[in-house]
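Written out below as structure tokens is the structure these notes cover.
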Amino acid sequence: MVFNITSIKTSSDGVWQGDNPLHYAFPLLIVQTTLVIFISRLLSFFLKPLRQPKVIAEILGGILLGPSALGQYKEFTQWVFPSWSTPILESVASVGLLFFLFLVGLELDLTSIRRSGRRALWIASSGILLPFLFGIGITFLLRKTVVGADKVGFAQCFLFMGVSLSITAFPVLARILAELKLLTTQVGETAMAAAAFNDIAAWVLLALAVALAGGSHKSPLVSLWVLMSGAGFVIFMVVAVRPAMEWVASRCSKPGHHDHVEEGFICLTLAGVMISGFMTDLIGIHSIFGAFVFGLMIPKHGEFAGRLIRRIEDFVCGLLLPLYFASSGLKTNVNKIKGAEAWGLLAVVISTACTGKILGTFLMGMLCMIPARESLALGLLMNTKGLVELIVLNIGKEKKVLNDEMFAILVMMALVTTFMTTPMVMAVYKPARKITSTIHHRSLRESSSHYLRTLQAELRVLACVHGSKNSSSMINLIDSIQSPNTYSNMKLYILHLLELTERSSSIMMVHKVRKNGVPRINNFREGKSAYKLESAALKESKVKVRSLTTISALPTMHDDICHVADKKRAAIVILPFHRQPQRGYNDEEPAHIGHGWEVVNQRVLSHAPCTVALLVDRGLSRSNPKRVCVVFIGGPDNREALELGGRMAAQPDTKLTIIRFLMKSGENENHTPTKPEDADIDKELDEISIEDFKKRWEGEAEYVEKSTLSIKNELLEIGQSKGFELVIVGRGRFPEALVAGIHEREGQYSTELGLIGGLLASHDHGITSSILVVQKHNLPKEDKDKPCPTSSLSNNTMA
């Protein structure tokens, strides 16, 4: 170094005392961090339409800040990235890298990998072996072409080159699979398992390469001692540390443990990451190897791993890790690739890397009897490089194995191979997710035996839940729909919705819930389920229960829900309403779960191939509803609500009340949301439904008619009376005049629930009843995207 590091001060005295903050370590680090995050996020925004993983933007951002672009301006380098700040920046970035590799180890569930069988192992082995063999030829070529490349021993150079060509970036691959909605498919499952095998093998080979590189100028016995010490470290971690972490995880997963106990164990674990990194650095292997192995030792079952990830991943991946890309970019000078010969060499390296990885995986996939398109997609997916590749290259440059030109060529190779993965996989393999089999929309009435005039009718229900908190209310609601006295069998599908984000904890969910395509169905065993279905009614022989899981990003989750509903021929989809009032029935529930789930519900309402019901839970989690009210105003949604109420009337201990609202003075004829002929048909269908209901449930349900000019006060009276535990309403398509007194601000959730449902769900009126809002889809498929004939006041269009 050309400067005295002891002269560097941490903080300045401020500009008023004549100090320039950029001449001091900490203020300069703040500026560097802010600039790196801004550049990477900006690039990520522009690359998002191309469906590229965030790591591409971060690597490009680092290169732009380096000598390839902005670093060419001496003033920029002297002010923002002076040479004296490099050790400080790299030290902070290394801390982020250390904890990131710990998170990668946490993501890899060894038991899940073991369950994937030999096929994934063979695919991973072939995806490593062939690129390694190709790496021999590339090493010879680089040593003859690149100036100074032959100054390093062939074994060290070959090992680094082989690892660079054969590695698969497991974290990046997981995000690409999620983006392409392949994470829960057979291809995604195989790719994840093979990438995990590949990752572990790559780190072992990298440790070998580092050991050899460190001992290049010493006795060969030194490298042997390093390898033996590394093996001893791994054995110690498996024998001593893993059981200790099992004990820690079991203590933190106990229901009655104290927060300060968990806090102490988490701090101890974070210290263990640092100590593990120090130990491998002391041995002579890079410190990230120790952090990675320590992450593997953390048990994946229970809640401890998830809590640990939630504590550190945002800070590490959002703030510290981009600094590592910036420090890497400062070392990458694309301008070193000069002339046709150098660019030709880059093309050869890229084509060789792609050929070795894709061809090796494809051939082994075919031998394992995987179809050709899926085998090719696996090869393209396994060719993902990105972050892990960059780590390997940085270590190679740090160990003087790779010079500037070789480093730049291999960084460009990593960028190109990762960038091409998403578009090529989309071109080669993309399972159809569109609903193509629906000719008409199914409804509850079509699933009833009295309607089909057959005793073989079967009601198929798809209930969506997010966990145990809203699963109990769903089960109690379904209990009230089906009983031994009901007139048709029931098949219940419980779809557990898991949000997939870029967080490491999202990838851990994949190991816990491995399903296929439209999620695989597990056979229901009486008395056992993911949600502890202990209801007596659901144990009856007429109810068949299947548990499914979908893992998807919120913007596309409605596709999965609608796809499952169509695949399983569901007559109704029941969704939980998420924006519960802060002064609600259950203070333990969050007041607002988030706008993303609201959008999911709206899109399901627009695209579902069957009836949709939204449940606003205000106490159904405690018991089945015994007093139920159906508000009937008219229209297809209300007729479907009436059909649902009829199924509840079959319960011997349920008291059902039908309250029908009619307009006074013939107003109903003059204020309808549909054409006159449609209004006449709707009225006729309403009368038929009411008469049919009276005949079937005479003596078991109470029927009341009310004439009114506006139903707002009557609705509020029903909700505030505490006379009903559940109120069922139609979502829309009712006469305008009846709802003229209800304003949008009063029905504050009308976008999802419709104007009447939004009014009853509002927490401004003291309503205590749970609300079930029903929407029937009765549009032909070709008219699905056209506006529904609804009132402008109801805010209930299908779009």
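Every chain in the structure tokens has a letter given in the order shown (A, B, ...), and although residue numbers restart at 1 in each chain, ligands are simply numbered from 1 in the order shown.
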
Using only C-alpha atoms, which residues sit within 8 Å of stretch 680-696 of chain A once same-chain residues fewer than 4 positions away are excluded, as a count of residues only? 8

Need to verify the contact set: A:Ile771, 7 Å, only C-alpha atoms, exclusion of same-chain residues closer than 4 positions in sequence. Can you return it as a list in words?
Leu615, Val616, Asp617, Leu726, Val727, Ile728 and Ala761 of chain A

Could you pull the residues within 8 Å of stretch 390-406 of chain A, counting only C-alpha atoms, minus those fewer than 4 positions along the same chain, as a short mmCIF file (atom, residue, chain, number, x, y, z; two decimals) with C-alpha atoms, in the first residue's frame?
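Result written to around_11.cif:
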```cif
data_model
loop_
_atom_site.label_atom_id
_atom_site.label_comp_id
_atom_site.auth_asym_id
_atom_site.auth_seq_id
_atom_site.Cartn_x
_atom_site.Cartn_y
_atom_site.Cartn_z
CA LEU A 142 -6.05 -19.44 -21.56
CA VAL A 146 -3.60 -14.64 -21.98
CA GLY A 148 0.86 -13.91 -17.61
CA ALA A 149 -1.64 -16.75 -17.17
CA VAL A 152 0.42 -19.92 -11.94
CA GLN A 156 -4.45 -24.47 -9.24
CA CYS A 157 -5.53 -22.82 -12.49
CA PHE A 160 -10.46 -22.77 -10.32
CA VAL A 163 -15.21 -24.93 -10.51
CA SER A 164 -16.06 -21.78 -12.50
CA LEU A 206 -13.20 -24.77 -4.02
CA VAL A 210 -7.79 -22.69 -2.17
CA ALA A 213 -3.29 -22.16 -4.22
CA GLY A 214 -2.16 -21.29 -0.71
CA SER A 328 -15.97 -7.11 -7.18
CA LYS A 331 -11.69 -5.33 -9.67
CA THR A 332 -13.42 -6.05 -12.99
CA ASN A 333 -12.08 -4.16 -15.97
CA VAL A 334 -13.89 -5.20 -19.12
CA LYS A 336 -8.83 -5.60 -20.49
CA ILE A 337 -10.67 -7.71 -23.09
CA GLY A 386 -24.31 -15.50 -10.93
CA LEU A 410 -14.95 -15.23 -16.48
CA VAL A 411 -17.11 -12.50 -14.92
CA ALA A 414 -21.09 -15.65 -15.51
#
```

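Between atom CA of A:Ser623 and atom CA of A:Gln482 the separation is 14.8 Å.
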
Test item: residues at most 10 Å from stretch 275-291 of chain A, only C-alpha atoms, excluding those fewer than 2 positions along its chain, as number ranges by chain: A: 94-95, 97-105, 203-204, 206-215, 222-223, 225-230, 233-234, 237, 269-273, 293-296, 391, 395

Residues near stretch 131-133 of chain A, anyone? I mean within 12 Å using only C-alpha atoms, not counting same-chain ones fewer than 5 positions away, as an mmCIF file with C-alpha atoms, in the first residue's frame.
```
data_model
loop_
_atom_site.group_PDB
_atom_site.id
_atom_site.type_symbol
_atom_site.label_atom_id
_atom_site.label_comp_id
_atom_site.auth_asym_id
_atom_site.auth_seq_id
_atom_site.Cartn_x
_atom_site.Cartn_y
_atom_site.Cartn_z
ATOM 1 C CA ALA A 124 -25.593 -33.150 -10.627
ATOM 2 C CA SER A 125 -22.546 -35.419 -11.081
ATOM 3 C CA SER A 126 -22.745 -35.313 -14.872
ATOM 4 C CA ILE A 138 -9.989 -24.039 -21.607
ATOM 5 C CA THR A 139 -7.091 -23.915 -19.117
ATOM 6 C CA PHE A 140 -4.581 -24.851 -21.827
ATOM 7 C CA CYS A 157 -5.530 -22.817 -12.491
ATOM 8 C CA PHE A 158 -7.378 -25.945 -13.656
ATOM 9 C CA LEU A 159 -9.242 -26.361 -10.359
ATOM 10 C CA PHE A 160 -10.463 -22.774 -10.319
ATOM 11 C CA MET A 161 -11.407 -22.987 -13.987
ATOM 12 C CA GLY A 162 -13.225 -26.290 -13.454
ATOM 13 C CA VAL A 163 -15.209 -24.927 -10.506
ATOM 14 C CA SER A 164 -16.058 -21.781 -12.498
ATOM 15 C CA LEU A 165 -17.428 -23.803 -15.413
ATOM 16 C CA SER A 166 -19.260 -26.449 -13.401
ATOM 17 C CA ILE A 167 -20.838 -24.508 -10.559
ATOM 18 C CA THR A 168 -24.601 -23.873 -10.315
ATOM 19 C CA ALA A 202 -18.438 -27.053 -5.669
ATOM 20 C CA LEU A 205 -13.666 -28.455 -4.753
ATOM 21 C CA VAL A 349 -15.272 -19.709 -22.848
ATOM 22 C CA ILE A 350 -19.045 -18.943 -22.834
ATOM 23 C CA SER A 351 -19.866 -21.594 -25.441
ATOM 24 C CA THR A 352 -17.673 -24.186 -23.690
ATOM 25 C CA ALA A 353 -19.242 -23.469 -20.297
ATOM 26 C CA CYS A 354 -22.770 -23.692 -21.722
ATOM 27 C CA THR A 355 -22.062 -26.793 -23.787
ATOM 28 C CA GLY A 356 -20.471 -28.704 -20.922
ATOM 29 C CA LYS A 357 -23.194 -27.912 -18.413
ATOM 30 C CA ILE A 358 -26.212 -28.218 -20.698
ATOM 31 C CA LEU A 359 -24.953 -31.273 -22.611
ATOM 32 C CA GLY A 360 -23.895 -33.149 -19.464
ATOM 33 C CA THR A 361 -27.231 -32.532 -17.743
ATOM 34 C CA MET A 382 -28.298 -25.908 -14.168
ATOM 35 C CA ASN A 383 -26.239 -23.489 -16.286
#
```

Self-check item: Residues within 9 Å of A:Gly645, only C-alpha atoms, excluding chain neighbours under 4 positions, as a ChimeraX atom specification
Solution: /A:481,628-630,640-641,649,656-658,728

Worksheet item: Excluding same-chain residues fewer than 5 positions from A:Ser707, what lies within 9 Å of it counting only C-alpha atoms, as a PyMOL selection string?
Response: chain A and resi 660-664

Residues from the last selection, all heavy atoms, saved as a short mmCIF file (atom, residue, chain, number, x, y, z; two decimals), in the first residue's frame:
```cif
data_model
loop_
_atom_site.label_atom_id
_atom_site.label_comp_id
_atom_site.auth_asym_id
_atom_site.auth_seq_id
_atom_site.Cartn_x
_atom_site.Cartn_y
_atom_site.Cartn_z
N ARG A 660 -85.83 -11.30 2.62
CA ARG A 660 -85.89 -10.79 1.25
C ARG A 660 -86.36 -9.34 1.25
O ARG A 660 -87.37 -9.00 1.86
CB ARG A 660 -86.86 -11.64 0.42
CG ARG A 660 -86.87 -11.24 -1.05
CD ARG A 660 -87.89 -12.03 -1.83
NE ARG A 660 -87.80 -11.73 -3.26
CZ ARG A 660 -88.64 -12.19 -4.18
NH1 ARG A 660 -89.64 -13.00 -3.80
NH2 ARG A 660 -88.48 -11.87 -5.45
N PHE A 661 -85.58 -8.49 0.57
CA PHE A 661 -85.91 -7.07 0.49
C PHE A 661 -86.55 -6.77 -0.86
O PHE A 661 -86.02 -7.16 -1.92
CB PHE A 661 -84.66 -6.22 0.68
CG PHE A 661 -84.14 -6.22 2.08
CD1 PHE A 661 -83.08 -7.04 2.44
CD2 PHE A 661 -84.71 -5.41 3.04
CE1 PHE A 661 -82.60 -7.05 3.74
CE2 PHE A 661 -84.23 -5.41 4.34
CZ PHE A 661 -83.17 -6.24 4.69
N LEU A 662 -87.69 -6.07 -0.82
CA LEU A 662 -88.41 -5.67 -2.03
C LEU A 662 -88.57 -4.15 -2.04
O LEU A 662 -88.67 -3.52 -0.98
CB LEU A 662 -89.79 -6.33 -2.08
CG LEU A 662 -89.81 -7.86 -2.11
CD1 LEU A 662 -91.24 -8.36 -1.94
CD2 LEU A 662 -89.20 -8.39 -3.41
N MET A 663 -88.59 -3.58 -3.23
CA MET A 663 -88.78 -2.14 -3.35
C MET A 663 -90.24 -1.76 -3.13
O MET A 663 -91.16 -2.46 -3.56
CB MET A 663 -88.36 -1.67 -4.75
CG MET A 663 -86.86 -1.68 -4.97
SD MET A 663 -85.98 -0.52 -3.91
CE MET A 663 -86.69 1.03 -4.41
N LYS A 664 -90.44 -0.64 -2.48
CA LYS A 664 -91.80 -0.12 -2.31
C LYS A 664 -92.26 0.59 -3.58
O LYS A 664 -91.46 1.08 -4.36
CB LYS A 664 -91.83 0.89 -1.15
CG LYS A 664 -91.79 0.26 0.23
CD LYS A 664 -91.93 1.34 1.29
CE LYS A 664 -91.94 0.71 2.68
NZ LYS A 664 -92.05 1.75 3.74
#
```

Separation of atom CA of A:Met412 from atom CA of A:Lys54, in Å and rounded to one decimal:
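Atom CA of A:Lys54 lies 16.4 Å from atom CA of A:Met412.
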
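Residue nearest A:Leu500, chosen from A:Leu477, A:Val599, A:Leu183, A:Val55 and counting only C-alpha atoms: A:Leu183.
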
Q: Could you give me the residues within stretch 163-269 of chain A that DSSP places in helix (DSSP H, G or I), as a ChimeraX atom specification?
A: /A:163-166,170-179,186-214,220-252,259-269

Fill in: Closest of A:Ala193, A:Ile572, A:Ile8, A:Ala305 to A:Glu246 - atom-to-atom distances counting only C-alpha atoms
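The closest residue to A:Glu246 is A:Ala305.
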